[in-house]
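Participant: The structure is given below, and queries will be raised subsequently.
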Amino acid sequence: MTPLLRVENLTRSFGGRIGCADVSFDLYPGEVLGIVGESGSGKSTLLNCMAGHLAPDSGKVIFDTRADGPTDTLTMSEPERRMLSRTDWAFVHQNPRDGLRMRISAGGNVGERLMAVGARRYGTIRSRALDWLERVEISDDRIDDRPAAFSGGMQQRLQIARNLVTGPRLVFMDEPTGGLDVSVQARLLDLIRGLVRRMGLSAIVVTHDLAVVRLLADRLMVMKDGHVIESGLTDQVLDDPQAPYTQLLVSSVLQV
Amino acid sequence: MTDEAYNFAYLDEQTKRMVRRAILKGVAVPGYQVPFASREMPMPYGWGTGGVQVSAACLTPEDIFKVIDQGADDTTNAVSIRKFFEKTAGVAVTEKTTAATIIQTRHRIPETPLTEGQILVYQVPIPEPLRFLEPRETETRKMHSLEEYGLMHVKLYEDIARHGEIATAYAYPVKVEGRYVMDPSPIPKFDNPRLVSAAIQLFGAGREQRIYAVPPYTQVVSLDFEDYPFDPSKAPHPCALCGAEDSYLDEVITDDAGGRMFVCSDTDYCTQRRAQQDGAAA
């Protein structure tokens with residue numbers, strides 16, 4: 001089977017400081033990969049390099065495109081890469097304000113990607129938006145409200161709807177449950193898990209919350225100081241951590 | 001007589017060459033906003049400094065110049081710009097659309113169809129149609145270069161969602177020759193169909209330092225949705241002075257008791273029609 005995404009020796013430094021170094025992995029269709037590590041360990045740098053928000057210093061990010069098969073996204077032309085990030089890719093930001101247009105209604109937010117790829121029937125866009133709001137449990141009478149009037153959890157769900165409306169194959173998530181209280185977190189995780197399974201999405205989830213990866217991720221990578229220090233099946237890594245840092249990380253989780 | 005203290009049409013020759021280069025580039029790439037080194041003009045920004053510089057670069061001593069502001073020849077802005085070029089260029093001026101070779105306009109296209117050889121110069125306050133949707137210039141330039149215009153339709157979507165129809169009534173975005181999305185300056189959307197014209201149309205934004213152009217017979221399409229097509233609407237009245245049913249109307253409040261009348265906003269068009277009617281009656 002061809003991996004959906006293959007990352008080879010991805011390196012990015014900021015002056016003398018390492019952002020992430022020599023990261024390599026394969027991601028297969030339908031698989032969810034978790035990346036954990038403490039603040040400053042390079043998880044977000046890695047995610048941004050893969051999603052094309054940051055230019056890495058060296059390495060390859062090979063995506064299995066629908067048209068041409070596996071292609072290095074870093075050597076793609078910018079229009080191609082932006083097209084990819086509007087159609088086959090999705091990026092869920094930690095802060096919904098970074099991923100939503102706050103002055104545009106919920107329906108407009110969901111419809112934007114459809115219009116960006118050429119939808120020109122208002123009725124169709126409207127019904128697709130309603131359909132997606134329902135899937136992320138936002139009631140349909142909120143379709144014309146601006147996200148600013150939504151709670152944090154609703155904003156995050158709206159951001160997910162907006163990203164998934166074009167049926168992407170790969171979703172990047174940067175701390176999708178950050179800043180939400182635990183009951184809202186639980187519902188959101190449930191929702192994401194359901195969507196990922198039903199749509200057969202592949203996802204890369206960056207988080208510092210081990211509970212989140214245990215629920216969502218099939219495989220896990222642990223990062224420290226820009227390097228991947230351990231990787232494997234989620235249960236295996238969390239239940240039988242090998243690297244000293246991973247052992248520390250796992251034992252630091254607060255027990256209720 | 002030209003005031004000898006000024007170069008012809010106020011700007012120095014080097015500046016006019018620079019503006020002409022921008023105009024030529026604009027004509028070559030219809031709808032593309034060409035940056036140019038806009039000069040300080042002896043009038044405030046927002047009073048047509050971009051249009052004045054484009055007019056100055058186009059004027060020759062043989063030209064006949066007309067200026068309209070919201071369709072009218074006799075408003076402050078129109079009168080002062082007309083006087084400005086009378087003084088600094090010594091060109092002949094007119095109020096007749098058909099007699100003019102260069103027409104500088106603010107917020108209207110004349111009702112009388114323009115002909116080949118005429119130049120229509122627009123004053124533009126904000127040339128970037130995406131500005132209120134995306135505040136970053138670096139990003140809007142990239143969107144133009146990559147033809148990413150989905151956001152423009154998001155604006156129209158918001159209009160329909162909120163008002164039940166596309167409520168944008170002026171500065172209605174258009175796509176030029178199937179490529180660039182362009183702000184036609186704040187003309188009413190009633191004028192949009194007439195952007196397809198035999199005349200050369202030049203747009204100058206002084207403060208924003210941009211020039212763009214629509215060459216004669218260029219395809220200009222107003223953006224819309226398939227189920228909410230573009231509608232160049234106007235007030236449902238005839239002109240109270242000349243009776244025209246096909247012209248764009250100004251609503252004039254006549255007293256404190258709610259009295260109002262609708263008259264042609266294009267004063268020359270209205271005057272010509274009334275002169276004809278008087279001639280026919282006599």
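Chains: A, B, ... in order of the structure tokens. Residues: from 1 per chain. Ligands: from 1, in order shown.
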With only C-alpha atoms counted and 12 Å as the cut-off, give the residues of chain A in contact with chain B, each with its shortest interatomic distance in Å and the pair that gives it, as a Markdown table.
Facilitator:
```
| residue | atom | partner | partner_atom | distance |
| --- | --- | --- | --- | --- |
| A:Ser77 | CA | B:Leu146 | CA | 10.7 |
| A:Glu78 | CA | B:Leu146 | CA | 8.4 |
| A:Pro79 | CA | B:Leu146 | CA | 6.0 |
| A:Glu80 | CA | B:Leu146 | CA | 9.6 |
| A:Arg81 | CA | B:Leu146 | CA | 11.0 |
| A:Arg82 | CA | B:Leu146 | CA | 9.0 |
| A:Met83 | CA | B:Glu148 | CA | 9.3 |
| A:Arg86 | CA | B:Glu148 | CA | 10.5 |
| A:Arg101 | CA | B:Leu133 | CA | 9.1 |
| A:Met102 | CA | B:Leu133 | CA | 10.9 |
| A:Arg103 | CA | B:Leu133 | CA | 9.0 |
| A:Ile104 | CA | B:Glu158 | CA | 7.1 |
| A:Ser105 | CA | B:Glu158 | CA | 7.0 |
| A:Ala106 | CA | B:Glu158 | CA | 9.8 |
| A:Gly107 | CA | B:Ala161 | CA | 8.3 |
| A:Gly108 | CA | B:Val154 | CA | 5.9 |
| A:Asn109 | CA | B:Val154 | CA | 8.1 |
| A:Val110 | CA | B:Val154 | CA | 9.8 |
| A:Gly111 | CA | B:Val154 | CA | 7.4 |
| A:Glu112 | CA | B:Val154 | CA | 5.9 |
| A:Arg113 | CA | B:Gly150 | CA | 7.4 |
| A:Leu114 | CA | B:Gly150 | CA | 8.0 |
| A:Met115 | CA | B:Gly150 | CA | 4.9 |
| A:Ala116 | CA | B:Gly150 | CA | 3.8 |
| A:Val117 | CA | B:Gly150 | CA | 7.1 |
| A:Gly118 | CA | B:Gly150 | CA | 7.3 |
| A:Ala119 | CA | B:Gly150 | CA | 8.8 |
| A:Arg120 | CA | B:Phe225 | CA | 5.1 |
| A:Arg121 | CA | B:Glu226 | CA | 5.1 |
| A:Tyr122 | CA | B:Phe225 | CA | 6.1 |
| A:Gly123 | CA | B:Asp227 | CA | 7.2 |
| A:Thr124 | CA | B:Asp227 | CA | 9.5 |
| A:Ile125 | CA | B:Tyr157 | CA | 8.9 |
| A:Arg126 | CA | B:Ala161 | CA | 8.8 |
| A:Ala129 | CA | B:Tyr157 | CA | 11.7 |
| A:Arg142 | CA | B:Ala161 | CA | 11.8 |
| A:Ile143 | CA | B:Ala161 | CA | 8.9 |
| A:Asp144 | CA | B:Ala161 | CA | 6.7 |
| A:Asp145 | CA | B:Arg162 | CA | 9.7 |
| A:Arg146 | CA | B:Glu158 | CA | 10.6 |
```
Participant: Would you kindly return, as a count of residues only, each protein, DNA or RNA residue with an atom no farther than 8 Å from any atom of Ile68 in chain B, considering only C-alpha atoms and excluding same-chain residues fewer than 6 positions away?
Facilitator: 8
Participant: Using only C-alpha atoms, determine which residues lie at most 6 Å from Ala9 in chain B, disregarding the query and same-chain residues fewer than 2 positions distant; provide the list as a PDB file with N, CA, C and O atoms, in the first residue's frame.
Facilitator:
```pdb
ATOM      1  N   LEU B  11       1.517  68.288 -14.295  1.00  0.00           N
ATOM      2  CA  LEU B  11       2.607  67.357 -13.973  1.00  0.00           C
ATOM      3  C   LEU B  11       3.790  67.588 -14.906  1.00  0.00           C
ATOM      4  O   LEU B  11       3.610  67.949 -16.073  1.00  0.00           O
ATOM      5  N   ALA B  56      -4.120  63.959 -16.609  1.00  0.00           N
ATOM      6  CA  ALA B  56      -2.977  64.799 -16.977  1.00  0.00           C
ATOM      7  C   ALA B  56      -2.048  64.058 -17.930  1.00  0.00           C
ATOM      8  O   ALA B  56      -1.507  64.645 -18.872  1.00  0.00           O
ATOM      9  N   THR B  88      -4.244  74.875 -16.101  1.00  0.00           N
ATOM     10  CA  THR B  88      -2.897  74.334 -16.232  1.00  0.00           C
ATOM     11  C   THR B  88      -2.627  73.746 -17.612  1.00  0.00           C
ATOM     12  O   THR B  88      -1.472  73.589 -17.995  1.00  0.00           O
ATOM     13  N   ALA B  89      -3.670  73.387 -18.364  1.00  0.00           N
ATOM     14  CA  ALA B  89      -3.448  72.788 -19.683  1.00  0.00           C
ATOM     15  C   ALA B  89      -4.040  73.640 -20.793  1.00  0.00           C
ATOM     16  O   ALA B  89      -3.688  73.461 -21.969  1.00  0.00           O
TER      17      ALA B  89
END
```
Participant: Within 8 Å of range 189-205 of chain A, counting only C-alpha atoms, which residues qualify if same-chain residues fewer than 2 places away don't, as an MDAnalysis selection string?
Facilitator: chainID A and resid 27:35 136 168:177 185:187 207 212:213 215:217
Participant: Rounded to one decimal, what separation in Å do you get between CA of His227 in chain A and CA of Leu5 in chain A?
Facilitator: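 Going from CA of His227 in chain A over to CA of Leu5 in chain A covers 19.1 Å.
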Participant: Tell me which protein, DNA and RNA residues are within 8 Å of Met18 in chain B, counting only C-alpha atoms, leaving out same-chain ones fewer than 3 positions away, and put them as a list in words.
Facilitator: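 Neighbouring residues, sequence-local ones excluded: Gln14, Thr15, Arg21, Ala22, Phe36 and Ala37 of chain B.
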Participant: Could you jot down the CA of Ser233 in chain B to CA of Ala257 in chain B separation for me, Å, one decimal place?
Facilitator: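 Interatomic distance, CA of Ser233 in chain B to CA of Ala257 in chain B: 27.2 Å.
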Participant: Could you check how far CA of Glu139 in chain B sits from CA of Ser58 in chain A, in Å to one decimal?
Facilitator: 25.6 Å
Participant: Glu230 in chain A: which residues within 12 Å, counting only C-alpha atoms, same-chain residues fewer than 2 positions away excluded, as a ChimeraX atom specification?
Facilitator: /A:23-25,34-37,219-224,227-228,232-234,236-238,240-247,249
Participant: Just the residues within 7 Å of range 152-165 of chain A, please, counting only C-alpha atoms, with nothing from its chain fewer than 4 positions along; format it as a list in words.
Facilitator: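 Surrounding residues, per the criterion: Ala90, Phe91, Val92, Pro96, Gly99, Leu100, Asn109, Val110, Trp132, Leu133, Val136, Pro147, Leu180 and Val184 of chain A.
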Participant: From the list A:Thr2, A:Ser127, A:Ser41, A:Gln255, which residue is nearest Thr71 in chain A when using only C-alpha atoms?
Facilitator: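 Comparing A:Thr2, A:Ser127, A:Ser41, A:Gln255 against Thr71 in chain A, the winner is A:Thr2.
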Participant: Quick one: DSSP alpha helix (DSSP H) residues in range 37-128 of chain A, as a VMD selection string?
Facilitator: chain A and resid 43 to 50 78 to 87 96 to 99 106 to 116 122 to 128
Participant: Output N, CA and C atoms for every residue in the selection just made, as a tab-separated table (two decimals), in the first residue's frame.
Facilitator:
```tsv
chain	number	residue	atom	x	y	z
A	43	LYS	N	6.89	20.20	18.04
A	43	LYS	CA	5.72	19.57	17.41
A	43	LYS	C	5.04	20.52	16.43
A	44	SER	N	4.81	21.75	16.86
A	44	SER	CA	4.10	22.67	15.99
A	44	SER	C	4.95	23.06	14.78
A	45	THR	N	6.26	23.20	14.97
A	45	THR	CA	7.15	23.48	13.86
A	45	THR	C	7.04	22.37	12.81
A	46	LEU	N	7.08	21.13	13.30
A	46	LEU	CA	6.96	19.99	12.41
A	46	LEU	C	5.64	20.02	11.64
A	47	LEU	N	4.55	20.28	12.37
A	47	LEU	CA	3.23	20.30	11.74
A	47	LEU	C	3.15	21.41	10.68
A	48	ASN	N	3.68	22.59	11.03
A	48	ASN	CA	3.62	23.70	10.08
A	48	ASN	C	4.48	23.44	8.85
A	49	CYS	N	5.61	22.75	9.04
A	49	CYS	CA	6.45	22.41	7.89
A	49	CYS	C	5.71	21.43	6.96
A	50	MET	N	5.02	20.46	7.55
A	50	MET	CA	4.30	19.49	6.73
A	50	MET	C	3.15	20.14	6.00
A	78	GLU	N	3.44	27.01	-6.09
A	78	GLU	CA	2.58	27.52	-5.03
A	78	GLU	C	1.09	27.34	-5.33
A	79	PRO	N	0.62	27.62	-6.58
A	79	PRO	CA	-0.81	27.39	-6.84
A	79	PRO	C	-1.22	25.95	-6.56
A	80	GLU	N	-0.37	25.00	-6.95
A	80	GLU	CA	-0.70	23.59	-6.70
A	80	GLU	C	-0.81	23.31	-5.21
A	81	ARG	N	0.15	23.86	-4.46
A	81	ARG	CA	0.17	23.59	-3.03
A	81	ARG	C	-1.04	24.22	-2.35
A	82	ARG	N	-1.38	25.43	-2.79
A	82	ARG	CA	-2.54	26.09	-2.17
A	82	ARG	C	-3.84	25.37	-2.55
A	83	MET	N	-3.88	24.86	-3.78
A	83	MET	CA	-5.04	24.08	-4.21
A	83	MET	C	-5.19	22.85	-3.32
A	84	LEU	N	-4.04	22.20	-3.07
A	84	LEU	CA	-4.03	21.02	-2.22
A	84	LEU	C	-4.55	21.37	-0.82
A	85	SER	N	-4.10	22.50	-0.30
A	85	SER	CA	-4.51	22.82	1.06
A	85	SER	C	-5.96	23.30	1.12
A	86	ARG	N	-6.58	23.55	-0.04
A	86	ARG	CA	-8.00	23.89	-0.05
A	86	ARG	C	-8.87	22.66	-0.27
A	87	THR	N	-8.31	21.61	-0.85
A	87	THR	CA	-9.14	20.48	-1.24
A	87	THR	C	-8.81	19.23	-0.42
A	96	PRO	N	-9.56	28.77	17.41
A	96	PRO	CA	-10.47	28.87	16.26
A	96	PRO	C	-10.42	30.22	15.56
A	97	ARG	N	-9.98	31.25	16.28
A	97	ARG	CA	-9.89	32.57	15.64
A	97	ARG	C	-8.89	32.59	14.49
A	98	ASP	N	-7.90	31.70	14.56
A	98	ASP	CA	-6.91	31.64	13.48
A	98	ASP	C	-7.46	30.91	12.27
A	99	GLY	N	-8.45	30.05	12.49
A	99	GLY	CA	-8.94	29.23	11.39
A	99	GLY	C	-10.29	29.66	10.86
A	106	ALA	N	-21.56	31.78	10.15
A	106	ALA	CA	-21.15	30.38	10.21
A	106	ALA	C	-21.31	29.73	8.84
A	107	GLY	N	-22.44	29.99	8.18
A	107	GLY	CA	-22.69	29.41	6.86
A	107	GLY	C	-21.63	29.84	5.84
A	108	GLY	N	-21.26	31.12	5.90
A	108	GLY	CA	-20.23	31.63	4.99
A	108	GLY	C	-18.89	30.98	5.25
A	109	ASN	N	-18.60	30.76	6.52
A	109	ASN	CA	-17.35	30.10	6.88
A	109	ASN	C	-17.28	28.69	6.31
A	110	VAL	N	-18.38	27.96	6.43
A	110	VAL	CA	-18.39	26.60	5.92
A	110	VAL	C	-18.37	26.62	4.38
A	111	GLY	N	-19.08	27.60	3.80
A	111	GLY	CA	-19.19	27.64	2.34
A	111	GLY	C	-17.93	28.13	1.64
A	112	GLU	N	-17.02	28.77	2.38
A	112	GLU	CA	-15.88	29.42	1.72
A	112	GLU	C	-15.07	28.45	0.87
A	113	ARG	N	-14.77	27.28	1.45
A	113	ARG	CA	-13.95	26.33	0.69
A	113	ARG	C	-14.70	25.83	-0.54
A	114	LEU	N	-16.03	25.67	-0.42
A	114	LEU	CA	-16.81	25.24	-1.59
A	114	LEU	C	-16.73	26.28	-2.69
A	115	MET	N	-16.88	27.56	-2.29
A	115	MET	CA	-16.84	28.62	-3.29
A	115	MET	C	-15.43	28.76	-3.87
A	116	ALA	N	-14.43	28.47	-3.03
A	116	ALA	CA	-13.04	28.57	-3.50
A	116	ALA	C	-12.74	27.53	-4.57
A	122	TYR	N	-26.07	29.25	-4.87
A	122	TYR	CA	-26.30	29.60	-3.47
A	122	TYR	C	-27.04	28.48	-2.75
A	123	GLY	N	-28.08	27.94	-3.38
A	123	GLY	CA	-28.90	26.91	-2.73
A	123	GLY	C	-28.07	25.69	-2.34
A	124	THR	N	-27.20	25.27	-3.24
A	124	THR	CA	-26.36	24.10	-2.96
A	124	THR	C	-25.40	24.39	-1.81
A	125	ILE	N	-24.76	25.55	-1.85
A	125	ILE	CA	-23.79	25.91	-0.81
A	125	ILE	C	-24.49	25.95	0.54
A	126	ARG	N	-25.69	26.54	0.54
A	126	ARG	CA	-26.47	26.68	1.76
A	126	ARG	C	-26.82	25.31	2.34
A	127	SER	N	-27.26	24.39	1.49
A	127	SER	CA	-27.68	23.11	2.03
A	127	SER	C	-26.48	22.29	2.49
A	128	ARG	N	-25.35	22.41	1.78
A	128	ARG	CA	-24.14	21.72	2.25
A	128	ARG	C	-23.71	22.27	3.61
```
Participant: As a list in words, which residues of range 109-149 of chain B does DSSP assign to strand (DSSP E or B)?
Facilitator: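 Those residues are Ile119, Leu120, Val121, Tyr122 and Gln123 of chain B.
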